[in-house]
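The file model.pdb contains PDB, C-alpha atoms:
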ATOM      1  CA  GLY A   1      23.398  -7.578   7.277
ATOM      2  CA  ALA A   2      21.085 -10.455   8.040
ATOM      3  CA  VAL A   3      21.746 -13.526   5.949
ATOM      4  CA  VAL A   4      19.355 -16.352   5.192
ATOM      5  CA  SER A   5      20.751 -19.371   3.407
ATOM      6  CA  GLN A   6      18.653 -21.847   1.479
ATOM      7  CA  HIS A   7      19.764 -25.241   0.196
ATOM      8  CA  PRO A   8      19.659 -26.723  -2.360
ATOM      9  CA  SER A   9      19.333 -23.961  -4.912
ATOM     10  CA  TRP A  10      18.099 -26.310  -7.614
ATOM     11  CA  VAL A  11      16.829 -29.869  -7.556
ATOM     12  CA  ILE A  12      15.497 -32.129 -10.273
ATOM     13  CA  CYS A  13      13.916 -35.412  -9.315
ATOM     14  CA  LYS A  14      11.487 -38.052 -10.437
ATOM     15  CA  SER A  15       7.793 -38.011  -9.669
ATOM     16  CA  GLY A  16       7.033 -39.689  -6.353
ATOM     17  CA  THR A  17      10.262 -38.590  -4.686
ATOM     18  CA  SER A  18      10.256 -36.608  -1.451
ATOM     19  CA  VAL A  19      12.435 -33.509  -1.443
ATOM     20  CA  LYS A  20      13.764 -31.641   1.577
ATOM     21  CA  ILE A  21      14.670 -27.958   1.431
ATOM     22  CA  GLU A  22      16.653 -26.293   4.215
ATOM     23  CA  CYS A  23      16.457 -22.703   5.357
ATOM     24  CA  ARG A  24      19.075 -21.352   7.743
ATOM     25  CA  SER A  25      19.497 -17.998   9.411
ATOM     26  CA  LEU A  26      23.272 -17.611   9.449
ATOM     27  CA  ASP A  27      23.887 -14.677  11.763
ATOM     28  CA  PHE A  28      20.771 -14.433  13.890
ATOM     29  CA  GLN A  29      18.249 -16.628  15.632
ATOM     30  CA  ALA A  30      14.796 -16.816  14.112
ATOM     31  CA  THR A  31      11.847 -18.079  16.108
ATOM     32  CA  THR A  32       9.680 -17.617  13.035
ATOM     33  CA  MET A  33      10.408 -18.432   9.422
ATOM     34  CA  PHE A  34       8.130 -18.254   6.425
ATOM     35  CA  TRP A  35       7.834 -20.502   3.381
ATOM     36  CA  TYR A  36       6.681 -19.116   0.051
ATOM     37  CA  ARG A  37       5.995 -20.500  -3.373
ATOM     38  CA  GLN A  38       6.447 -18.419  -6.502
ATOM     39  CA  PHE A  39       5.329 -19.216 -10.025
ATOM     40  CA  PRO A  40       6.999 -17.533 -13.025
ATOM     41  CA  LYS A  41       6.191 -13.830 -13.306
ATOM     42  CA  GLN A  42       3.956 -14.001 -10.234
ATOM     43  CA  SER A  43       4.311 -12.729  -6.719
ATOM     44  CA  LEU A  44       5.095 -14.655  -3.582
ATOM     45  CA  MET A  45       2.426 -16.962  -2.219
ATOM     46  CA  LEU A  46       2.752 -17.627   1.496
ATOM     47  CA  MET A  47       2.463 -21.336   2.206
ATOM     48  CA  ALA A  48       3.092 -21.524   5.930
ATOM     49  CA  THR A  49       4.619 -19.890   8.966
ATOM     50  CA  SER A  50       7.219 -22.030  10.684
ATOM     51  CA  ASN A  51       7.468 -21.653  14.449
ATOM     52  CA  GLU A  52      10.448 -22.964  16.386
ATOM     53  CA  GLY A  53       9.442 -25.721  18.756
ATOM     54  CA  SER A  54       5.812 -25.884  17.670
ATOM     55  CA  LYS A  55       3.622 -26.793  14.731
ATOM     56  CA  ALA A  56       3.661 -24.718  11.603
ATOM     57  CA  THR A  57       0.688 -22.574  10.659
ATOM     58  CA  TYR A  58      -0.472 -23.309   7.133
ATOM     59  CA  GLU A  59      -2.312 -20.947   4.826
ATOM     60  CA  GLN A  60      -5.692 -21.914   3.496
ATOM     61  CA  GLY A  61      -5.474 -24.390   0.656
ATOM     62  CA  VAL A  62      -1.978 -25.634   1.478
ATOM     63  CA  GLU A  63      -1.858 -29.357   2.225
ATOM     64  CA  LYS A  64      -0.143 -29.994   5.553
ATOM     65  CA  ASP A  65       0.614 -33.621   4.729
ATOM     66  CA  LYS A  66       2.068 -32.650   1.384
ATOM     67  CA  PHE A  67       4.342 -29.889   2.602
ATOM     68  CA  LEU A  68       5.903 -30.931   5.893
ATOM     69  CA  ILE A  69       7.601 -28.205   7.877
ATOM     70  CA  ASN A  70      10.000 -28.731  10.747
ATOM     71  CA  HIS A  71      11.555 -25.899  12.729
ATOM     72  CA  ALA A  72      13.705 -27.815  15.174
ATOM     73  CA  SER A  73      16.163 -25.079  16.065
ATOM     74  CA  LEU A  74      16.382 -21.295  16.128
ATOM     75  CA  THR A  75      18.456 -21.276  12.953
ATOM     76  CA  LEU A  76      16.972 -24.029  10.831
ATOM     77  CA  SER A  77      13.618 -24.729   9.239
ATOM     78  CA  THR A  78      13.002 -27.451   6.679
ATOM     79  CA  LEU A  79      10.297 -27.920   4.088
ATOM     80  CA  THR A  80       9.748 -31.435   2.777
ATOM     81  CA  VAL A  81       7.668 -31.866  -0.344
ATOM     82  CA  THR A  82       6.369 -35.400   0.010
ATOM     83  CA  SER A  83       5.672 -37.639  -2.982
ATOM     84  CA  ALA A  84       6.341 -34.753  -5.330
ATOM     85  CA  HIS A  85       4.557 -34.580  -8.664
ATOM     86  CA  PRO A  86       5.096 -32.326 -11.695
ATOM     87  CA  GLU A  87       2.495 -29.836 -10.448
ATOM     88  CA  ASP A  88       4.702 -29.249  -7.397
ATOM     89  CA  SER A  89       7.426 -27.853  -9.640
ATOM     90  CA  SER A  90       7.973 -24.270  -8.575
ATOM     91  CA  PHE A  91      10.336 -21.811  -6.944
ATOM     92  CA  TYR A  92      10.264 -22.164  -3.152
ATOM     93  CA  ILE A  93      11.616 -19.341  -1.009
ATOM     94  CA  CYS A  94      12.031 -19.040   2.733
ATOM     95  CA  SER A  95      12.387 -15.945   4.863
ATOM     96  CA  ALA A  96      13.150 -15.110   8.452
ATOM     97  CA  ALA A  97      12.730 -12.030  10.596
ATOM     98  CA  GLN A  98      15.501 -10.868  12.878
ATOM     99  CA  PRO A  99      14.639 -10.925  16.568
ATOM    100  CA  GLY A 100      13.950  -7.663  18.299
ATOM    101  CA  GLY A 101      10.216  -7.233  18.323
ATOM    102  CA  ASP A 102       7.707  -6.104  15.750
ATOM    103  CA  ASN A 103      10.002  -3.688  14.000
ATOM    104  CA  GLN A 104      12.230  -6.141  12.177
ATOM    105  CA  PRO A 105      11.849  -6.862   8.459
ATOM    106  CA  GLN A 106      11.962 -10.256   6.773
ATOM    107  CA  HIS A 107      15.087 -11.389   4.967
ATOM    108  CA  PHE A 108      14.851 -13.942   2.199
ATOM    109  CA  GLY A 109      16.905 -16.873   1.076
ATOM    110  CA  ASP A 110      17.859 -17.218  -2.570
ATOM    111  CA  GLY A 111      15.176 -19.788  -3.246
ATOM    112  CA  THR A 112      15.074 -23.405  -4.405
ATOM    113  CA  ARG A 113      14.037 -24.237  -7.914
ATOM    114  CA  LEU A 114      12.241 -27.584  -7.811
ATOM    115  CA  SER A 115      11.631 -29.483 -11.016
ATOM    116  CA  ILE A 116       9.705 -32.758 -10.892
ATOM    117  CA  LEU A 117       9.955 -34.948 -13.959
TER     118      LEU A 117
ATOM    119  CA  GLN B   1     -10.105  -6.819  -4.054
ATOM    120  CA  LYS B   2      -6.514  -7.396  -3.049
ATOM    121  CA  GLU B   3      -5.195  -5.832   0.138
ATOM    122  CA  VAL B   4      -2.164  -4.538  -1.731
ATOM    123  CA  GLU B   5      -2.302  -3.349  -5.331
ATOM    124  CA  GLN B   6       0.811  -2.897  -7.438
ATOM    125  CA  ASP B   7       0.991  -2.179 -11.160
ATOM    126  CA  PRO B   8       2.910  -5.099 -12.709
ATOM    127  CA  GLY B   9       4.264  -2.974 -15.555
ATOM    128  CA  PRO B  10       6.456  -3.751 -17.319
ATOM    129  CA  LEU B  11       8.209  -0.433 -16.942
ATOM    130  CA  SER B  12      11.034   0.496 -19.282
ATOM    131  CA  VAL B  13      13.190   3.613 -18.807
ATOM    132  CA  PRO B  14      16.479   4.922 -20.213
ATOM    133  CA  GLU B  15      19.575   4.872 -18.066
ATOM    134  CA  GLY B  16      19.770   7.881 -15.772
ATOM    135  CA  ALA B  17      16.009   8.343 -15.512
ATOM    136  CA  ILE B  18      14.131   8.739 -12.256
ATOM    137  CA  VAL B  19      11.920   5.741 -11.617
ATOM    138  CA  SER B  20       8.731   5.882  -9.579
ATOM    139  CA  LEU B  21       7.185   2.669  -8.284
ATOM    140  CA  ASN B  22       3.952   2.662  -6.320
ATOM    141  CA  CYS B  23       1.597   0.537  -4.268
ATOM    142  CA  THR B  24      -1.788   1.210  -2.773
ATOM    143  CA  TYR B  25      -3.372  -0.708   0.058
ATOM    144  CA  SER B  26      -6.702  -1.009   1.777
ATOM    145  CA  ASN B  27      -5.837  -2.129   5.323
ATOM    146  CA  SER B  28      -5.308   0.939   7.497
ATOM    147  CA  ALA B  29      -3.739  -1.258  10.190
ATOM    148  CA  PHE B  30      -0.534  -1.684   8.181
ATOM    149  CA  GLN B  31       2.346   0.016   9.968
ATOM    150  CA  TYR B  32       5.527  -1.415   8.456
ATOM    151  CA  PHE B  33       6.306  -0.946   4.789
ATOM    152  CA  MET B  34       9.041  -2.626   2.778
ATOM    153  CA  TRP B  35      10.418  -2.593  -0.723
ATOM    154  CA  TYR B  36      12.229  -5.631  -2.071
ATOM    155  CA  ARG B  37      14.186  -6.102  -5.278
ATOM    156  CA  GLN B  38      14.143  -9.509  -6.919
ATOM    157  CA  TYR B  39      16.424 -10.527  -9.733
ATOM    158  CA  SER B  40      15.433 -13.441 -11.925
ATOM    159  CA  ARG B  41      15.806 -16.816 -10.186
ATOM    160  CA  LYS B  42      16.847 -15.175  -6.913
ATOM    161  CA  GLY B  43      15.137 -14.455  -3.617
ATOM    162  CA  PRO B  44      13.886 -10.932  -2.813
ATOM    163  CA  GLU B  45      16.456  -8.542  -1.381
ATOM    164  CA  LEU B  46      15.367  -5.940   1.155
ATOM    165  CA  LEU B  47      15.899  -2.404  -0.177
ATOM    166  CA  MET B  48      13.951  -0.125   2.119
ATOM    167  CA  TYR B  49      12.089  -0.535   5.376
ATOM    168  CA  THR B  50       9.949   2.192   6.873
ATOM    169  CA  TYR B  51       7.601   2.546   9.777
ATOM    170  CA  SER B  52       4.447   4.661   9.553
ATOM    171  CA  SER B  53       4.319   7.755   7.351
ATOM    172  CA  GLY B  54       7.227   9.748   6.045
ATOM    173  CA  ASN B  55      10.261   9.546   3.804
ATOM    174  CA  LYS B  56      13.419   7.521   4.002
ATOM    175  CA  GLU B  57      16.443   7.902   1.771
ATOM    176  CA  ASP B  58      19.287   5.470   1.157
ATOM    177  CA  GLY B  59      21.672   6.367  -1.620
ATOM    178  CA  ARG B  60      19.750   6.513  -4.892
ATOM    179  CA  PHE B  61      16.607   5.108  -3.292
ATOM    180  CA  THR B  62      13.847   7.041  -1.536
ATOM    181  CA  ALA B  63      10.821   5.432   0.045
ATOM    182  CA  GLN B  64       7.702   7.431   0.820
ATOM    183  CA  VAL B  65       4.716   6.377   2.882
ATOM    184  CA  ASP B  66       1.445   8.301   2.948
ATOM    185  CA  LYS B  67      -0.820   6.506   5.376
ATOM    186  CA  SER B  68      -3.632   8.997   4.936
ATOM    187  CA  SER B  69      -3.857   8.063   1.268
ATOM    188  CA  LYS B  70      -2.801   4.423   1.810
ATOM    189  CA  TYR B  71      -0.097   4.903  -0.794
ATOM    190  CA  ILE B  72       3.590   4.066  -0.804
ATOM    191  CA  SER B  73       6.273   4.867  -3.344
ATOM    192  CA  LEU B  74       9.838   3.964  -4.158
ATOM    193  CA  PHE B  75      11.926   6.397  -6.185
ATOM    194  CA  ILE B  76      15.152   5.397  -7.887
ATOM    195  CA  ARG B  77      17.397   8.252  -9.005
ATOM    196  CA  ASP B  78      19.994   7.973 -11.749
ATOM    197  CA  SER B  79      18.709   4.531 -12.679
ATOM    198  CA  GLN B  80      21.255   1.988 -13.898
ATOM    199  CA  PRO B  81      20.900  -1.148 -16.033
ATOM    200  CA  SER B  82      21.748  -3.125 -12.902
ATOM    201  CA  ASP B  83      18.505  -1.821 -11.383
ATOM    202  CA  SER B  84      16.580  -3.939 -13.885
ATOM    203  CA  ALA B  85      14.599  -6.350 -11.728
ATOM    204  CA  THR B  86      11.186  -6.946 -10.233
ATOM    205  CA  TYR B  87      10.324  -4.669  -7.327
ATOM    206  CA  LEU B  88       7.939  -5.920  -4.665
ATOM    207  CA  CYS B  89       6.226  -3.799  -2.080
ATOM    208  CA  ALA B  90       5.260  -5.444   1.191
ATOM    209  CA  MET B  91       3.570  -4.358   4.369
ATOM    210  CA  ARG B  92       2.388  -5.730   7.675
ATOM    211  CA  ARG B  93       0.591  -4.728  10.836
ATOM    212  CA  GLY B  94       3.065  -5.849  13.479
ATOM    213  CA  ALA B  95       5.015  -9.034  13.947
ATOM    214  CA  GLY B  96       4.215 -11.925  11.668
ATOM    215  CA  LYS B  97       3.522 -12.345   8.021
ATOM    216  CA  SER B  98       3.752  -9.628   5.418
ATOM    217  CA  THR B  99       1.369  -8.964   2.569
ATOM    218  CA  PHE B 100       3.081  -8.530  -0.793
ATOM    219  CA  GLY B 101       2.188  -6.718  -3.966
ATOM    220  CA  ASP B 102       2.427  -8.596  -7.247
ATOM    221  CA  GLY B 103       5.653  -6.837  -8.202
ATOM    222  CA  THR B 104       6.604  -4.350 -10.926
ATOM    223  CA  THR B 105       9.093  -5.429 -13.569
ATOM    224  CA  LEU B 106      11.589  -2.671 -14.376
ATOM    225  CA  THR B 107      14.005  -2.549 -17.292
ATOM    226  CA  VAL B 108      16.640   0.192 -17.459
ATOM    227  CA  LYS B 109      18.051   0.460 -20.964
ATOM    228  CA  PRO B 110      21.661   1.589 -21.504
TER     229      PRO B 110
END
Take the structure in the file and write it out as structure tokens.
Amino acid sequence: GAVVSQHPSWVICKSGTSVKIECRSLDFQATTMFWYRQFPKQSLMLMATSNEGSKATYEQGVEKDKFLINHASLTLSTLTVTSAHPEDSSFYICSAAQPGGDNQPQHFGDGTRLSIL
Amino acid sequence: QKEVEQDPGPLSVPEGAIVSLNCTYSNSAFQYFMWYRQYSRKGPELLMYTYSSGNKEDGRFTAQVDKSSKYISLFIRDSQPSDSATYLCAMRRGAGKSTFGDGTTLTVKP
């Protein structure tokens, strides 16, 4: 089955640090990847849609300069949380859809738990 | 009003019970319907994926879509403690982003 790998799985860092999270599609090419944020006992909140070779599309209320997204290849998208602060602590999850038209579902990575001290 | 409504539960059942999970939605343009299972501190795992109305069965899982009522269901037969997780419904119109329910937390007690 389709596999999406996310790294790191857990990161703890000091306030003011920038943190990069990687999302890779291991056995398929993904022109589109999605980045979500999830708070405890809540559902997924879509942050942005990452498009290979072009700018990401951000959801309303998500700061583009705060959450930098780069989708430089068909198998890799990165999310960089710049100058992270404690309120950025959350569970970040990426997903990718297999190619093949509209009828392909999204597959998710295992998420990155970010803790800002 | 949310586009997708899902009862958050929690839902607790004894082992071996049949579990019924449901979502309702308001956007009649939705065509693709998914159910995901999410264990604590893990990403969602795709369980079922259906297009338009009808039923789909995979092992102990059955997904039903009733577009006329804007209602989807996931049934789990012979539930096991390992089925304890949060179940998310999701749906979308075509390519692109999906809209998710808030998830239902299920506990299957031995």
Exercise for the section: Counting only C-alpha atoms, find the residues whose atoms lie at most 8 Å from (9.1, 3.5, -1.7) (file coordinates) and write them out as a list of chain:residue names. Expected result: B:Leu21, B:Asn22, B:Met34, B:Trp35, B:Met48, B:Phe61, B:Thr62, B:Ala63, B:Gln64, B:Val65, B:Ile72, B:Ser73, B:Leu74, B:Phe75, B:Cys89
Problem - Polymer residues at most 7 Å from Asp66 of chain B, all atoms listed in the file, same-chain spacing of 3 or more positions, as a PyMOL selection string - result: chain B and resi 53-54+69-72
Problem - Surrounding residues of Asp110 of chain A excluding itself and chain neighbours under 5 positions, 10 Å, only C-alpha atoms, as a VMD selection string - result: (chain A and resid 4 to 9 23 91 to 95) or (chain B and resid 38 to 39 41 to 45)
Output file for the selection above: C-alpha atoms, as a compact mmCIF listing (two decimals), keeping the file's coordinate frame:
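result_14.txt, freshly written:
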# COMPACT_ATOMS: atom_id res chain seq x y z
CA VAL A 4 19.36 -16.35 5.19
CA SER A 5 20.75 -19.37 3.41
CA GLN A 6 18.65 -21.85 1.48
CA HIS A 7 19.76 -25.24 0.20
CA PRO A 8 19.66 -26.72 -2.36
CA SER A 9 19.33 -23.96 -4.91
CA CYS A 23 16.46 -22.70 5.36
CA PHE A 91 10.34 -21.81 -6.94
CA TYR A 92 10.26 -22.16 -3.15
CA ILE A 93 11.62 -19.34 -1.01
CA CYS A 94 12.03 -19.04 2.73
CA SER A 95 12.39 -15.94 4.86
CA GLN B 38 14.14 -9.51 -6.92
CA TYR B 39 16.42 -10.53 -9.73
CA ARG B 41 15.81 -16.82 -10.19
CA LYS B 42 16.85 -15.18 -6.91
CA GLY B 43 15.14 -14.46 -3.62
CA PRO B 44 13.89 -10.93 -2.81
CA GLU B 45 16.46 -8.54 -1.38
Output the contact residues of chain B with respect to chain A at a cut-off of 12 Å, based on only C-alpha atoms, as an mmCIF file with C-alpha atoms, in the coordinates of the input.
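File out_4.cif, as written:
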data_model
loop_
_atom_site.group_PDB
_atom_site.id
_atom_site.type_symbol
_atom_site.label_atom_id
_atom_site.label_comp_id
_atom_site.auth_asym_id
_atom_site.auth_seq_id
_atom_site.Cartn_x
_atom_site.Cartn_y
_atom_site.Cartn_z
ATOM 1 C CA VAL B 4 -2.164 -4.538 -1.731
ATOM 2 C CA GLU B 5 -2.302 -3.349 -5.331
ATOM 3 C CA GLN B 6 0.811 -2.897 -7.438
ATOM 4 C CA ASP B 7 0.991 -2.179 -11.160
ATOM 5 C CA PRO B 8 2.910 -5.099 -12.709
ATOM 6 C CA GLY B 9 4.264 -2.974 -15.555
ATOM 7 C CA PRO B 10 6.456 -3.751 -17.319
ATOM 8 C CA GLN B 31 2.346 0.016 9.968
ATOM 9 C CA TYR B 32 5.527 -1.415 8.456
ATOM 10 C CA PHE B 33 6.306 -0.946 4.789
ATOM 11 C CA MET B 34 9.041 -2.626 2.778
ATOM 12 C CA TRP B 35 10.418 -2.593 -0.723
ATOM 13 C CA TYR B 36 12.229 -5.631 -2.071
ATOM 14 C CA ARG B 37 14.186 -6.102 -5.278
ATOM 15 C CA GLN B 38 14.143 -9.509 -6.919
ATOM 16 C CA TYR B 39 16.424 -10.527 -9.733
ATOM 17 C CA SER B 40 15.433 -13.441 -11.925
ATOM 18 C CA ARG B 41 15.806 -16.816 -10.186
ATOM 19 C CA LYS B 42 16.847 -15.175 -6.913
ATOM 20 C CA GLY B 43 15.137 -14.455 -3.617
ATOM 21 C CA PRO B 44 13.886 -10.932 -2.813
ATOM 22 C CA GLU B 45 16.456 -8.542 -1.381
ATOM 23 C CA LEU B 46 15.367 -5.940 1.155
ATOM 24 C CA LEU B 47 15.899 -2.404 -0.177
ATOM 25 C CA MET B 48 13.951 -0.125 2.119
ATOM 26 C CA TYR B 49 12.089 -0.535 5.376
ATOM 27 C CA THR B 50 9.949 2.192 6.873
ATOM 28 C CA TYR B 51 7.601 2.546 9.777
ATOM 29 C CA SER B 52 4.447 4.661 9.553
ATOM 30 C CA ALA B 85 14.599 -6.350 -11.728
ATOM 31 C CA THR B 86 11.186 -6.946 -10.233
ATOM 32 C CA TYR B 87 10.324 -4.669 -7.327
ATOM 33 C CA LEU B 88 7.939 -5.920 -4.665
ATOM 34 C CA CYS B 89 6.226 -3.799 -2.080
ATOM 35 C CA ALA B 90 5.260 -5.444 1.191
ATOM 36 C CA MET B 91 3.570 -4.358 4.369
ATOM 37 C CA ARG B 92 2.388 -5.730 7.675
ATOM 38 C CA ARG B 93 0.591 -4.728 10.836
ATOM 39 C CA GLY B 94 3.065 -5.849 13.479
ATOM 40 C CA ALA B 95 5.015 -9.034 13.947
ATOM 41 C CA GLY B 96 4.215 -11.925 11.668
ATOM 42 C CA LYS B 97 3.522 -12.345 8.021
ATOM 43 C CA SER B 98 3.752 -9.628 5.418
ATOM 44 C CA THR B 99 1.369 -8.964 2.569
ATOM 45 C CA PHE B 100 3.081 -8.530 -0.793
ATOM 46 C CA GLY B 101 2.188 -6.718 -3.966
ATOM 47 C CA ASP B 102 2.427 -8.596 -7.247
ATOM 48 C CA GLY B 103 5.653 -6.837 -8.202
ATOM 49 C CA THR B 104 6.604 -4.350 -10.926
ATOM 50 C CA THR B 105 9.093 -5.429 -13.569
#
Practice task
Would you translate the PyMOL selection byres ((chain A and resi 65-80) around 6) into the concrete set of residues it matches in this file, as a PyMOL selection string?
Solution key: chain A and resi 19-25+29-31+52-53+63-64+81-82
Exercise for the section: Counting all atoms listed in the file, write as a list in words all protein and nucleic acid residues lying at most 12 Å from (2.7, -32.9, -12.3) in the file's frame. Expected result: Cys13, Lys14, Ser15, Gly16, Ser83, Ala84, His85, Pro86, Glu87, Asp88, Ser89, Ser90, Leu114, Ser115, Ile116 and Leu117 of chain A
Handout entry: Explicit residues for the PyMOL selection byres ((chain B and resi 109) around 7) (as a list in words)
Key = Val13, Pro14, Glu15, Pro81, Thr107, Val108 and Pro110 of chain B
Handout entry: Point-to-point distance in Å for atom CA of Lys56 of chain B and atom CA of Phe28 of chain A
Key =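 Separation of atom CA of Phe28 of chain A and atom CA of Lys56 of chain B: 25.2 Å.
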Exercise for the section: Using atom CA of Ser20 of chain B and atom CA of Arg77 of chain B as the two end points, give the distance in Å to one decimal. Expected result: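 If I compute the distance from atom CA of Ser20 of chain B to atom CA of Arg77 of chain B, I get 9.0 Å.
The coordinates place atom CA of Asn51 of chain A at 24.8 Å from atom CA of Glu3 of chain B.
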Let me have the centre and edge lengths of the axis-aligned box enclosing all listed atoms of segment 67-80 of chain A with 3 Å padding on every side, in Å to one decimal, as lines of an AutoDock Vina configuration file.
center_x = 11.4
center_y = -26.4
center_z = 9.4
size_x = 20.1
size_y = 16.2
size_z = 19.5
